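Engineer: My structure is stored as coords-v7.pdb, with PDB, C-alpha atoms.
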```
ATOM      1  CA  MET Y  64    -122.565 189.592  -2.746
ATOM      2  CA  THR Y  65    -119.926 187.003  -1.989
ATOM      3  CA  ASP Y  66    -122.350 184.266  -3.073
ATOM      4  CA  THR Y  67    -122.330 185.488  -6.678
ATOM      5  CA  SER Y  68    -119.675 183.589  -8.605
ATOM      6  CA  TYR Y  69    -117.840 184.626 -11.752
ATOM      7  CA  THR Y  70    -116.449 182.686 -14.687
ATOM      8  CA  LEU Y  71    -112.775 182.921 -15.601
ATOM      9  CA  GLN Y  72    -111.868 182.132 -19.172
ATOM     10  CA  PRO Y  73    -108.121 181.534 -19.650
ATOM     11  CA  ILE Y  74    -106.511 183.829 -22.227
ATOM     12  CA  GLY Y  75    -103.524 181.571 -22.811
ATOM     13  CA  LEU Y  76    -101.367 178.753 -21.505
ATOM     14  CA  ILE Y  77     -97.845 178.421 -20.126
ATOM     15  CA  ARG Y  78     -95.469 176.363 -22.281
ATOM     16  CA  SER Y  79     -92.499 175.348 -20.139
ATOM     17  CA  ASP Y  80     -89.880 172.670 -19.595
ATOM     18  CA  LEU Y  81     -91.171 172.469 -16.009
ATOM     19  CA  THR Y  82     -93.656 169.639 -16.101
ATOM     20  CA  THR Y  83     -94.056 168.586 -12.472
ATOM     21  CA  LEU Y  84     -94.987 170.532  -9.351
ATOM     22  CA  GLU Y  85     -92.072 168.835  -7.567
ATOM     23  CA  ALA Y  86     -89.618 170.394 -10.021
ATOM     24  CA  ALA Y  87     -91.121 173.892  -9.795
ATOM     25  CA  PRO Y  88     -89.440 176.469  -7.555
ATOM     26  CA  ARG Y  89     -91.728 178.213  -5.048
ATOM     27  CA  GLN Y  90     -91.013 181.677  -6.453
ATOM     28  CA  GLY Y  91     -89.760 182.940  -9.794
ATOM     29  CA  HIS Y  92     -86.623 184.452  -8.279
ATOM     30  CA  GLU Y  93     -85.686 181.074  -6.817
ATOM     31  CA  GLY Y  94     -84.218 179.748 -10.045
ATOM     32  CA  ALA Y  95     -87.278 179.488 -12.287
ATOM     33  CA  PRO Y  96     -86.684 179.093 -16.021
ATOM     34  CA  ASP Y  97     -87.995 181.140 -18.920
ATOM     35  CA  ALA Y  98     -91.279 179.998 -20.464
ATOM     36  CA  TRP Y  99     -93.606 180.837 -23.328
ATOM     37  CA  ILE Y 100     -97.108 182.177 -22.951
ATOM     38  CA  ASP Y 101     -99.246 181.097 -25.911
ATOM     39  CA  VAL Y 102    -102.103 183.597 -26.065
ATOM     40  CA  SER Y 103    -105.361 182.390 -27.599
ATOM     41  CA  GLU Y 104    -106.547 183.840 -30.898
ATOM     42  CA  SER Y 105    -109.563 185.449 -29.233
ATOM     43  CA  ALA Y 106    -107.377 187.533 -26.905
ATOM     44  CA  ALA Y 107    -104.456 188.226 -29.249
ATOM     45  CA  LEU Y 108    -105.467 191.808 -30.085
ATOM     46  CA  ALA Y 109    -104.988 192.660 -26.410
ATOM     47  CA  LEU Y 110    -101.205 192.109 -26.769
ATOM     48  CA  HIS Y 111    -100.777 195.155 -28.979
ATOM     49  CA  GLY Y 112     -98.191 197.496 -27.460
ATOM     50  CA  ILE Y 113     -96.227 194.900 -25.490
ATOM     51  CA  ALA Y 114     -92.526 194.958 -26.414
ATOM     52  CA  VAL Y 115     -89.372 193.004 -25.639
ATOM     53  CA  GLY Y 116     -87.894 194.309 -22.404
ATOM     54  CA  ASP Y 117     -91.250 195.215 -20.834
ATOM     55  CA  ALA Y 118     -91.856 194.318 -17.191
ATOM     56  CA  LEU Y 119     -95.174 192.506 -16.854
ATOM     57  CA  VAL Y 120     -97.243 190.830 -14.176
ATOM     58  CA  ILE Y 121     -98.642 187.527 -15.351
ATOM     59  CA  LEU Y 122    -101.701 186.152 -13.559
ATOM     60  CA  THR Y 123    -102.100 182.389 -13.679
ATOM     61  CA  TRP Y 124    -104.645 179.925 -12.351
ATOM     62  CA  PHE Y 125    -103.064 177.130 -10.306
ATOM     63  CA  HIS Y 126    -105.430 174.486 -11.645
ATOM     64  CA  ARG Y 127    -103.907 171.733  -9.483
ATOM     65  CA  SER Y 128    -104.470 173.558  -6.183
ATOM     66  CA  ALA Y 129    -106.678 172.627  -3.244
ATOM     67  CA  ARG Y 130    -109.245 175.397  -2.867
ATOM     68  CA  ASP Y 131    -110.534 174.329   0.548
ATOM     69  CA  VAL Y 132    -107.232 175.005   2.346
ATOM     70  CA  ARG Y 133    -107.342 177.999   4.737
ATOM     71  CA  GLN Y 134    -104.102 177.611   6.704
ATOM     72  CA  VAL Y 135    -100.704 176.136   5.839
ATOM     73  CA  HIS Y 136     -97.239 175.678   7.256
ATOM     74  CA  PRO Y 137     -95.379 178.259   5.136
ATOM     75  CA  ARG Y 138     -93.105 176.736   2.499
ATOM     76  CA  GLY Y 139     -94.424 173.314   3.514
ATOM     77  CA  GLU Y 140     -92.121 173.190   6.540
ATOM     78  CA  ILE Y 141     -93.773 171.819   9.641
ATOM     79  CA  GLU Y 142     -91.627 173.981  11.944
ATOM     80  CA  ASN Y 143     -93.286 177.072  10.449
ATOM     81  CA  PRO Y 144     -96.468 177.720  12.468
ATOM     82  CA  LEU Y 145     -99.851 177.373  10.748
ATOM     83  CA  THR Y 146    -100.619 180.606   8.928
ATOM     84  CA  GLY Y 147    -103.663 181.814   7.009
ATOM     85  CA  VAL Y 148    -103.168 181.406   3.265
ATOM     86  CA  PHE Y 149    -103.903 185.133   2.729
ATOM     87  CA  ALA Y 150    -100.700 185.842   4.682
ATOM     88  CA  THR Y 151     -98.722 183.478   2.409
ATOM     89  CA  ARG Y 152     -98.122 182.819  -1.264
ATOM     90  CA  SER Y 153     -99.385 179.221  -0.958
ATOM     91  CA  PRO Y 154    -100.846 177.968  -4.253
ATOM     92  CA  ASP Y 155    -103.553 176.295  -2.147
ATOM     93  CA  ARG Y 156    -106.129 179.065  -1.494
ATOM     94  CA  PRO Y 157    -109.807 179.767  -2.197
ATOM     95  CA  ASN Y 158    -109.114 181.305  -5.627
ATOM     96  CA  PRO Y 159    -105.721 179.894  -6.668
ATOM     97  CA  ILE Y 160    -104.366 182.835  -8.632
ATOM     98  CA  GLY Y 161    -100.607 183.160  -9.116
ATOM     99  CA  LEU Y 162     -98.802 186.483  -9.640
ATOM    100  CA  HIS Y 163     -95.535 186.389 -11.568
ATOM    101  CA  ARG Y 164     -93.372 189.407 -12.247
ATOM    102  CA  VAL Y 165     -91.499 188.764 -15.480
ATOM    103  CA  THR Y 166     -89.581 190.434 -18.269
ATOM    104  CA  VAL Y 167     -90.544 189.964 -21.920
ATOM    105  CA  LEU Y 168     -87.617 188.267 -23.688
ATOM    106  CA  GLU Y 169     -89.034 187.493 -27.124
ATOM    107  CA  ILE Y 170     -92.284 187.869 -29.063
ATOM    108  CA  HIS Y 171     -93.382 185.511 -31.809
ATOM    109  CA  GLY Y 172     -96.886 185.921 -33.205
ATOM    110  CA  ASN Y 173     -99.304 185.518 -30.291
ATOM    111  CA  SER Y 174     -96.636 184.048 -28.028
ATOM    112  CA  LEU Y 175     -94.463 185.827 -25.475
ATOM    113  CA  LYS Y 176     -91.264 184.376 -24.074
ATOM    114  CA  VAL Y 177     -90.969 185.567 -20.470
ATOM    115  CA  GLY Y 178     -88.895 184.849 -17.410
ATOM    116  CA  PRO Y 179     -88.576 183.902 -14.686
ATOM    117  CA  MET Y 180     -91.713 181.725 -14.596
ATOM    118  CA  GLU Y 181     -92.217 179.075 -11.912
ATOM    119  CA  ALA Y 182     -95.616 177.887 -13.176
ATOM    120  CA  ILE Y 183     -95.583 174.459 -14.824
ATOM    121  CA  ASP Y 184     -96.338 173.534 -18.429
ATOM    122  CA  GLY Y 185    -100.039 173.791 -19.211
ATOM    123  CA  THR Y 186    -100.896 176.284 -16.451
ATOM    124  CA  PRO Y 187    -103.728 178.573 -17.589
ATOM    125  CA  VAL Y 188    -102.908 182.279 -17.913
ATOM    126  CA  ILE Y 189    -105.805 184.548 -16.952
ATOM    127  CA  ASP Y 190    -104.428 188.076 -17.333
ATOM    128  CA  ILE Y 191    -101.363 190.067 -18.355
ATOM    129  CA  LYS Y 192    -100.677 193.545 -16.941
ATOM    130  CA  PRO Y 193     -97.882 196.087 -17.204
ATOM    131  CA  VAL Y 194     -95.886 196.866 -14.053
ATOM    132  CA  LEU Y 195     -96.774 200.453 -13.219
ATOM    133  CA  PRO Y 196     -93.791 202.816 -13.083
ATOM    134  CA  GLN Y 197     -95.455 204.793 -10.271
ATOM    135  CA  SER Y 198     -95.599 201.999  -7.743
ATOM    136  CA  ALA Y 199     -93.914 198.817  -6.643
ATOM    137  CA  ASP Y 200     -97.175 196.945  -6.967
ATOM    138  CA  SER Y 201     -97.978 194.761  -9.871
TER     139      SER Y 201
ATOM    140  CA  MET W 971    -106.810 174.115 -22.539
ATOM    141  CA  THR W 972    -107.965 177.686 -22.865
ATOM    142  CA  ASP W 973    -111.521 176.465 -23.455
ATOM    143  CA  THR W 974    -111.771 175.085 -19.913
ATOM    144  CA  SER W 975    -113.285 177.739 -17.671
ATOM    145  CA  TYR W 976    -112.959 178.144 -13.909
ATOM    146  CA  THR W 977    -115.275 179.468 -11.241
ATOM    147  CA  LEU W 978    -114.231 182.344  -9.014
ATOM    148  CA  GLN W 979    -115.932 182.621  -5.670
ATOM    149  CA  PRO W 980    -115.437 186.025  -3.996
ATOM    150  CA  ILE W 981    -113.875 185.836  -0.539
ATOM    151  CA  GLY W 982    -115.073 189.258   0.536
ATOM    152  CA  LEU W 983    -116.371 192.637  -0.521
ATOM    153  CA  ILE W 984    -115.031 196.193  -0.548
ATOM    154  CA  ARG W 985    -116.856 198.618   1.751
ATOM    155  CA  SER W 986    -115.999 202.153   0.677
ATOM    156  CA  ASP W 987    -117.295 205.703   0.501
ATOM    157  CA  LEU W 988    -116.563 205.528  -3.252
ATOM    158  CA  THR W 989    -119.870 204.535  -4.757
ATOM    159  CA  THR W 990    -119.589 205.504  -8.429
ATOM    160  CA  LEU W 991    -117.048 204.636 -11.089
ATOM    161  CA  GLU W 992    -116.921 208.318 -12.036
ATOM    162  CA  ALA W 993    -115.676 209.222  -8.545
ATOM    163  CA  ALA W 994    -113.023 206.482  -8.453
ATOM    164  CA  PRO W 995    -109.408 207.399  -9.229
ATOM    165  CA  ARG W 996    -107.709 205.273 -11.898
ATOM    166  CA  GLN W 997    -104.974 204.088  -9.535
ATOM    167  CA  GLY W 998    -104.695 203.832  -5.775
ATOM    168  CA  HIS W 999    -101.802 206.302  -5.617
ATOM    169  CA  GLU W1000    -103.913 208.905  -7.398
ATOM    170  CA  GLY W1001    -105.774 209.970  -4.281
ATOM    171  CA  ALA W1002    -107.820 206.866  -3.462
ATOM    172  CA  PRO W1003    -109.348 206.657   0.025
ATOM    173  CA  ASP W1004    -109.064 203.938   2.637
ATOM    174  CA  ALA W1005    -111.668 201.186   2.545
ATOM    175  CA  TRP W1006    -112.738 198.104   4.476
ATOM    176  CA  ILE W1007    -112.550 194.562   3.173
ATOM    177  CA  ASP W1008    -115.272 192.438   4.761
ATOM    178  CA  VAL W1009    -114.070 188.850   4.471
ATOM    179  CA  SER W1010    -116.730 186.138   4.370
ATOM    180  CA  GLU W1011    -117.060 183.700   7.234
ATOM    181  CA  SER W1012    -116.003 180.777   5.022
ATOM    182  CA  ALA W1013    -112.622 182.381   4.244
ATOM    183  CA  ALA W1014    -111.949 184.068   7.591
ATOM    184  CA  LEU W1015    -109.442 181.452   8.838
ATOM    185  CA  ALA W1016    -107.204 182.411   5.927
ATOM    186  CA  LEU W1017    -106.610 185.854   7.494
ATOM    187  CA  HIS W1018    -104.613 184.410  10.388
ATOM    188  CA  GLY W1019    -101.196 186.054  10.533
ATOM    189  CA  ILE W1020    -102.114 189.338   8.866
ATOM    190  CA  ALA W1021    -101.198 192.323  11.070
ATOM    191  CA  VAL W1022    -101.598 196.092  11.061
ATOM    192  CA  GLY W1023     -98.798 197.620   9.004
ATOM    193  CA  ASP W1024     -98.514 194.686   6.590
ATOM    194  CA  ALA W1025     -98.160 195.413   2.871
ATOM    195  CA  LEU W1026    -100.679 193.362   0.900
ATOM    196  CA  VAL W1027    -101.814 192.921  -2.660
ATOM    197  CA  ILE W1028    -105.585 192.807  -2.912
ATOM    198  CA  LEU W1029    -107.107 191.154  -5.980
ATOM    199  CA  THR W1030    -110.560 192.373  -6.937
ATOM    200  CA  TRP W1031    -113.034 191.517  -9.677
ATOM    201  CA  PHE W1032    -114.225 194.565 -11.600
ATOM    202  CA  HIS W1033    -117.785 193.299 -11.909
ATOM    203  CA  ARG W1034    -118.897 196.317 -13.960
ATOM    204  CA  SER W1035    -116.277 195.853 -16.693
ATOM    205  CA  ALA W1036    -116.721 195.027 -20.364
ATOM    206  CA  ARG W1037    -114.987 191.703 -20.977
ATOM    207  CA  ASP W1038    -115.068 191.852 -24.776
ATOM    208  CA  VAL W1039    -112.766 194.895 -25.008
ATOM    209  CA  ARG W1040    -109.317 194.108 -26.465
ATOM    210  CA  GLN W1041    -107.881 197.587 -27.144
ATOM    211  CA  VAL W1042    -108.392 200.961 -25.470
ATOM    212  CA  HIS W1043    -107.176 204.530 -25.585
ATOM    213  CA  PRO W1044    -105.098 204.535 -22.366
ATOM    214  CA  ARG W1045    -106.679 206.518 -19.544
ATOM    215  CA  GLY W1046    -109.710 207.068 -21.784
ATOM    216  CA  GLU W1047    -107.952 209.869 -23.672
ATOM    217  CA  ILE W1048    -108.550 209.760 -27.397
ATOM    218  CA  GLU W1049    -105.122 211.275 -28.145
ATOM    219  CA  ASN W1050    -103.498 208.157 -26.670
ATOM    220  CA  PRO W1051    -103.216 205.596 -29.496
ATOM    221  CA  LEU W1052    -105.244 202.371 -29.278
ATOM    222  CA  THR W1053    -103.336 199.900 -27.130
ATOM    223  CA  GLY W1054    -103.967 196.262 -26.228
ATOM    224  CA  VAL W1055    -105.544 195.966 -22.783
ATOM    225  CA  PHE W1056    -102.734 193.617 -21.665
ATOM    226  CA  ALA W1057    -100.362 196.589 -22.066
ATOM    227  CA  THR W1058    -102.624 198.758 -19.878
ATOM    228  CA  ARG W1059    -104.366 198.673 -16.507
ATOM    229  CA  SER W1060    -107.779 199.174 -18.133
ATOM    230  CA  PRO W1061    -110.567 197.631 -16.017
ATOM    231  CA  ASP W1062    -112.109 196.476 -19.313
ATOM    232  CA  ARG W1063    -110.284 193.228 -20.168
ATOM    233  CA  PRO W1064    -111.106 189.532 -20.713
ATOM    234  CA  ASN W1065    -110.803 188.651 -17.005
ATOM    235  CA  PRO W1066    -111.334 191.962 -15.178
ATOM    236  CA  ILE W1067    -109.044 191.422 -12.191
ATOM    237  CA  GLY W1068    -107.737 194.446 -10.300
ATOM    238  CA  LEU W1069    -104.455 194.490  -8.355
ATOM    239  CA  HIS W1070    -104.186 196.903  -5.463
ATOM    240  CA  ARG W1071    -101.120 197.366  -3.306
ATOM    241  CA  VAL W1072    -102.262 198.487   0.115
ATOM    242  CA  THR W1073    -101.218 198.783   3.734
ATOM    243  CA  VAL W1074    -103.275 197.252   6.538
ATOM    244  CA  LEU W1075    -104.466 200.095   8.792
ATOM    245  CA  GLU W1076    -106.850 198.363  11.170
ATOM    246  CA  ILE W1077    -108.281 194.887  11.801
ATOM    247  CA  HIS W1078    -111.694 194.262  13.287
ATOM    248  CA  GLY W1079    -112.980 190.694  13.369
ATOM    249  CA  ASN W1080    -113.042 189.456   9.763
ATOM    250  CA  SER W1081    -112.631 192.971   8.348
ATOM    251  CA  LEU W1082    -109.446 194.713   7.294
ATOM    252  CA  LYS W1083    -109.155 198.474   6.855
ATOM    253  CA  VAL W1084    -106.707 199.088   4.016
ATOM    254  CA  GLY W1085    -105.554 201.943   1.847
ATOM    255  CA  PRO W1086    -105.287 203.300  -0.695
ATOM    256  CA  MET W1087    -108.149 201.493  -2.472
ATOM    257  CA  GLU W1088    -109.633 202.820  -5.706
ATOM    258  CA  ALA W1089    -112.239 200.040  -6.110
ATOM    259  CA  ILE W1090    -115.813 201.118  -5.437
ATOM    260  CA  ASP W1091    -118.177 199.986  -2.704
ATOM    261  CA  GLY W1092    -119.450 196.453  -3.303
ATOM    262  CA  THR W1093    -116.531 195.326  -5.489
ATOM    263  CA  PRO W1094    -115.861 191.606  -4.960
ATOM    264  CA  VAL W1095    -112.476 190.681  -3.456
ATOM    265  CA  ILE W1096    -111.082 187.423  -4.844
ATOM    266  CA  ASP W1097    -107.696 187.046  -3.135
ATOM    267  CA  ILE W1098    -105.345 188.626  -0.600
ATOM    268  CA  LYS W1099    -101.572 188.099  -0.774
ATOM    269  CA  PRO W1100     -98.548 189.391   1.107
ATOM    270  CA  VAL W1101     -96.072 191.566  -0.787
ATOM    271  CA  LEU W1102     -92.914 189.488  -0.997
ATOM    272  CA  PRO W1103     -89.842 191.094   0.563
ATOM    273  CA  GLN W1104     -87.591 189.471  -2.081
ATOM    274  CA  SER W1105     -89.126 191.141  -5.086
ATOM    275  CA  ALA W1106     -90.936 194.240  -6.248
ATOM    276  CA  ASP W1107     -93.751 192.121  -7.605
ATOM    277  CA  SER W1108     -96.942 191.576  -5.778
TER     278      SER W1108
END
```
Could you quickly redo this structure as structure tokens?
Structural biologist:
Amino acid sequence: MTDTSYTLQPIGLIRSDLTTLEAAPRQGHEGAPDAWIDVSESAALALHGIAVGDALVILTWFHRSARDVRQVHPRGEIENPLTGVFATRSPDRPNPIGLHRVTVLEIHGNSLKVGPMEAIDGTPVIDIKPVLPQSADS
Amino acid sequence: MTDTSYTLQPIGLIRSDLTTLEAAPRQGHEGAPDAWIDVSESAALALHGIAVGDALVILTWFHRSARDVRQVHPRGEIENPLTGVFATRSPDRPNPIGLHRVTVLEIHGNSLKVGPMEAIDGTPVIDIKPVLPQSADS
């Protein structure tokens, strides 16, 4: 039923020099910096097997987003016609989940240095997945 | 803070001939069927701009998963050494979100026919995103 809701518990946080939404690029490949993911103690065992050089998909929760937005002008440009948020990567959407394809650059305890990462400092991380070799998805 | 939790509200449901976990393939490209996504009335405006032939990433919530699992034998095979769930696509993980790369096959009102889709009938859908042309992520 779509009226059953579910509780997300962050498994870590982004630690980044990007501290404002204004400074953040719209996509990782648009000049985003590297960042650390500090994984909480309770989830740390789930990191076992991740190695430097791995391609991962990081799922974040855009905690500053507006969840009641259904249509946007893509990339915030008024000349772009109003488009449903499911046809865009707008951070404003009913469940504001971000997908970030990154490479693991360094591992230190329960922290992973990854890049590129356009999410700002303090953004909750909700899941980490390997990129599957069999498909371009992630 | 990782001790702040967030509420996910499904935006639709999977309608599929797959009705048991046992019958479901582990990945979409492993022989999964097509399925319908019935989007709820409250999110329907967000579909505007999606067209037949589009490549999308569907995010689902594996509502039958065990959220306290941190390590698994990949693909459920005991010969595969225990691995952290963040290094696998196990549906058992702290926040059991599924990523599915699909193609839109048909659109009817607020419903999208997509494939391939390995999630079973009744699985909540939590987000729909376009595959970005600039990157292999999704």
Engineer: Of the residues W:Ile1007, W:Ala1016, W:Val1101, W:Leu1082, which is the one nearest to chain Y, using all atoms listed in the file?
Structural biologist: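 Among the listed residues, W:Ala1016 lies closest to chain Y.
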Engineer: To one decimal place, how far is atom CA of W:Gln997 from atom CA of W:Pro1061 in Å?
Structural biologist: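 Atom CA of W:Pro1061 lies 10.7 Å from atom CA of W:Gln997.
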Engineer: First collect every listed atom of stretch 1095-1105 of chain W; then fit an axis-aligned box around them, widen it by 4 Å on each side, and give centre and edge lengths in Å to one decimal, as AutoDock Vina command-line options.
Structural biologist:
```
--center_x -100.0 --center_y 189.3 --center_z -2.0 --size_x 32.9 --size_y 12.5 --size_z 14.2
```
Engineer: So what does the ChimeraX specification (/W :<7) & /Y actually pick up in this one, as a ChimeraX atom specification?
Structural biologist: /Y:65,68-76,106,108-113,133-134,146-152,158,162,164,187,189-193,199-201
Engineer: Report the distance between atom CA of Y:Asp155 and atom CA of Y:Phe125 in Å, rounded to one decimal place.
Structural biologist: 8.2 Å
Engineer: On this structure, the PyMOL selection byres ((chain Y and resi 84) around 10) would catch which residues? List them as a CSV table (one decimal) with C-alpha atoms, keeping the file's coordinate frame, sorted by chain and number.
Structural biologist:
```csv
chain,number,residue,atom,x,y,z
Y,81,LEU,CA,-91.2,172.5,-16.0
Y,82,THR,CA,-93.7,169.6,-16.1
Y,83,THR,CA,-94.1,168.6,-12.5
Y,85,GLU,CA,-92.1,168.8,-7.6
Y,86,ALA,CA,-89.6,170.4,-10.0
Y,87,ALA,CA,-91.1,173.9,-9.8
Y,88,PRO,CA,-89.4,176.5,-7.6
Y,89,ARG,CA,-91.7,178.2,-5.0
Y,127,ARG,CA,-103.9,171.7,-9.5
Y,181,GLU,CA,-92.2,179.1,-11.9
Y,182,ALA,CA,-95.6,177.9,-13.2
Y,183,ILE,CA,-95.6,174.5,-14.8
Y,184,ASP,CA,-96.3,173.5,-18.4
```
Engineer: Here is a test: counting all atoms listed in the file, which residue of Y:Trp99, Y:Gly94, Y:Val115, Y:Pro179 is nearest to Y:Arg78?
Structural biologist: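 Closest candidate: Y:Trp99.
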Engineer: Which distance in Å separates atom CA of Y:His171 and atom CA of Y:Thr123, to one decimal?
Structural biologist: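 According to the coordinates, atom CA of Y:His171 and atom CA of Y:Thr123 are separated by 20.4 Å.
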Engineer: Using the chain letters and numbers from the file, give me the residues hit by the PyMOL selection byres ((chain W and resi 1075) around 6), as a PDB file with C-alpha atoms, in the coordinates of the input.
Structural biologist:
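And here is the file that came out, part_34.pdb:
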```pdb
ATOM      1  CA  VAL W1022    -101.598 196.092  11.061  1.00  0.00           C
ATOM      2  CA  VAL W1074    -103.275 197.252   6.538  1.00  0.00           C
ATOM      3  CA  GLU W1076    -106.850 198.363  11.170  1.00  0.00           C
ATOM      4  CA  LYS W1083    -109.155 198.474   6.855  1.00  0.00           C
ATOM      5  CA  VAL W1084    -106.707 199.088   4.016  1.00  0.00           C
TER       6      VAL W1084
END
```
Engineer: For stretch 1041-1053 of chain W, write N, CA, C and O atoms out as a PDB file, in the first residue's frame.
Structural biologist:
```
ATOM      1  N   GLN W1041      26.458  -8.799   6.941  1.00  0.00           N
ATOM      2  CA  GLN W1041      27.330  -9.562   6.037  1.00  0.00           C
ATOM      3  C   GLN W1041      26.536 -10.762   5.501  1.00  0.00           C
ATOM      4  O   GLN W1041      25.699 -11.327   6.209  1.00  0.00           O
ATOM      5  N   VAL W1042      26.834 -11.111   4.259  1.00  0.00           N
ATOM      6  CA  VAL W1042      26.144 -12.243   3.618  1.00  0.00           C
ATOM      7  C   VAL W1042      27.144 -13.066   2.801  1.00  0.00           C
ATOM      8  O   VAL W1042      28.233 -12.583   2.469  1.00  0.00           O
ATOM      9  N   HIS W1043      26.739 -14.279   2.483  1.00  0.00           N
ATOM     10  CA  HIS W1043      27.435 -15.059   1.465  1.00  0.00           C
ATOM     11  C   HIS W1043      26.829 -14.639   0.129  1.00  0.00           C
ATOM     12  O   HIS W1043      25.647 -14.893  -0.119  1.00  0.00           O
ATOM     13  N   PRO W1044      27.618 -13.944  -0.737  1.00  0.00           N
ATOM     14  CA  PRO W1044      27.016 -13.401  -1.964  1.00  0.00           C
ATOM     15  C   PRO W1044      26.244 -14.452  -2.768  1.00  0.00           C
ATOM     16  O   PRO W1044      26.669 -15.595  -2.890  1.00  0.00           O
ATOM     17  N   ARG W1045      25.109 -14.024  -3.256  1.00  0.00           N
ATOM     18  CA  ARG W1045      24.173 -14.852  -4.014  1.00  0.00           C
ATOM     19  C   ARG W1045      23.683 -16.053  -3.204  1.00  0.00           C
ATOM     20  O   ARG W1045      23.169 -17.018  -3.760  1.00  0.00           O
ATOM     21  N   GLY W1046      23.800 -15.967  -1.882  1.00  0.00           N
ATOM     22  CA  GLY W1046      23.281 -17.031  -1.020  1.00  0.00           C
ATOM     23  C   GLY W1046      24.058 -18.324  -1.119  1.00  0.00           C
ATOM     24  O   GLY W1046      23.591 -19.367  -0.658  1.00  0.00           O
ATOM     25  N   GLU W1047      25.271 -18.268  -1.703  1.00  0.00           N
ATOM     26  CA  GLU W1047      26.047 -19.511  -1.854  1.00  0.00           C
ATOM     27  C   GLU W1047      27.136 -19.552  -0.802  1.00  0.00           C
ATOM     28  O   GLU W1047      28.011 -18.688  -0.739  1.00  0.00           O
ATOM     29  N   ILE W1048      27.074 -20.624   0.009  1.00  0.00           N
ATOM     30  CA  ILE W1048      27.920 -20.734   1.186  1.00  0.00           C
ATOM     31  C   ILE W1048      29.413 -20.751   0.827  1.00  0.00           C
ATOM     32  O   ILE W1048      30.254 -20.304   1.607  1.00  0.00           O
ATOM     33  N   GLU W1049      29.732 -21.179  -0.408  1.00  0.00           N
ATOM     34  CA  GLU W1049      31.160 -21.165  -0.795  1.00  0.00           C
ATOM     35  C   GLU W1049      31.689 -19.741  -0.989  1.00  0.00           C
ATOM     36  O   GLU W1049      32.894 -19.509  -0.978  1.00  0.00           O
ATOM     37  N   ASN W1050      30.795 -18.784  -1.216  1.00  0.00           N
ATOM     38  CA  ASN W1050      31.245 -17.394  -1.345  1.00  0.00           C
ATOM     39  C   ASN W1050      31.507 -16.831   0.052  1.00  0.00           C
ATOM     40  O   ASN W1050      30.633 -16.877   0.904  1.00  0.00           O
ATOM     41  N   PRO W1051      32.713 -16.312   0.308  1.00  0.00           N
ATOM     42  CA  PRO W1051      33.041 -15.862   1.663  1.00  0.00           C
ATOM     43  C   PRO W1051      32.142 -14.707   2.124  1.00  0.00           C
ATOM     44  O   PRO W1051      31.674 -13.911   1.306  1.00  0.00           O
ATOM     45  N   LEU W1052      31.908 -14.652   3.432  1.00  0.00           N
ATOM     46  CA  LEU W1052      31.084 -13.594   4.028  1.00  0.00           C
ATOM     47  C   LEU W1052      31.587 -12.225   3.581  1.00  0.00           C
ATOM     48  O   LEU W1052      32.783 -11.941   3.656  1.00  0.00           O
ATOM     49  N   THR W1053      30.679 -11.406   3.128  1.00  0.00           N
ATOM     50  CA  THR W1053      31.016 -10.103   2.555  1.00  0.00           C
ATOM     51  C   THR W1053      30.045  -9.070   3.122  1.00  0.00           C
ATOM     52  O   THR W1053      28.866  -9.360   3.318  1.00  0.00           O
TER      53      THR W1053
END
```
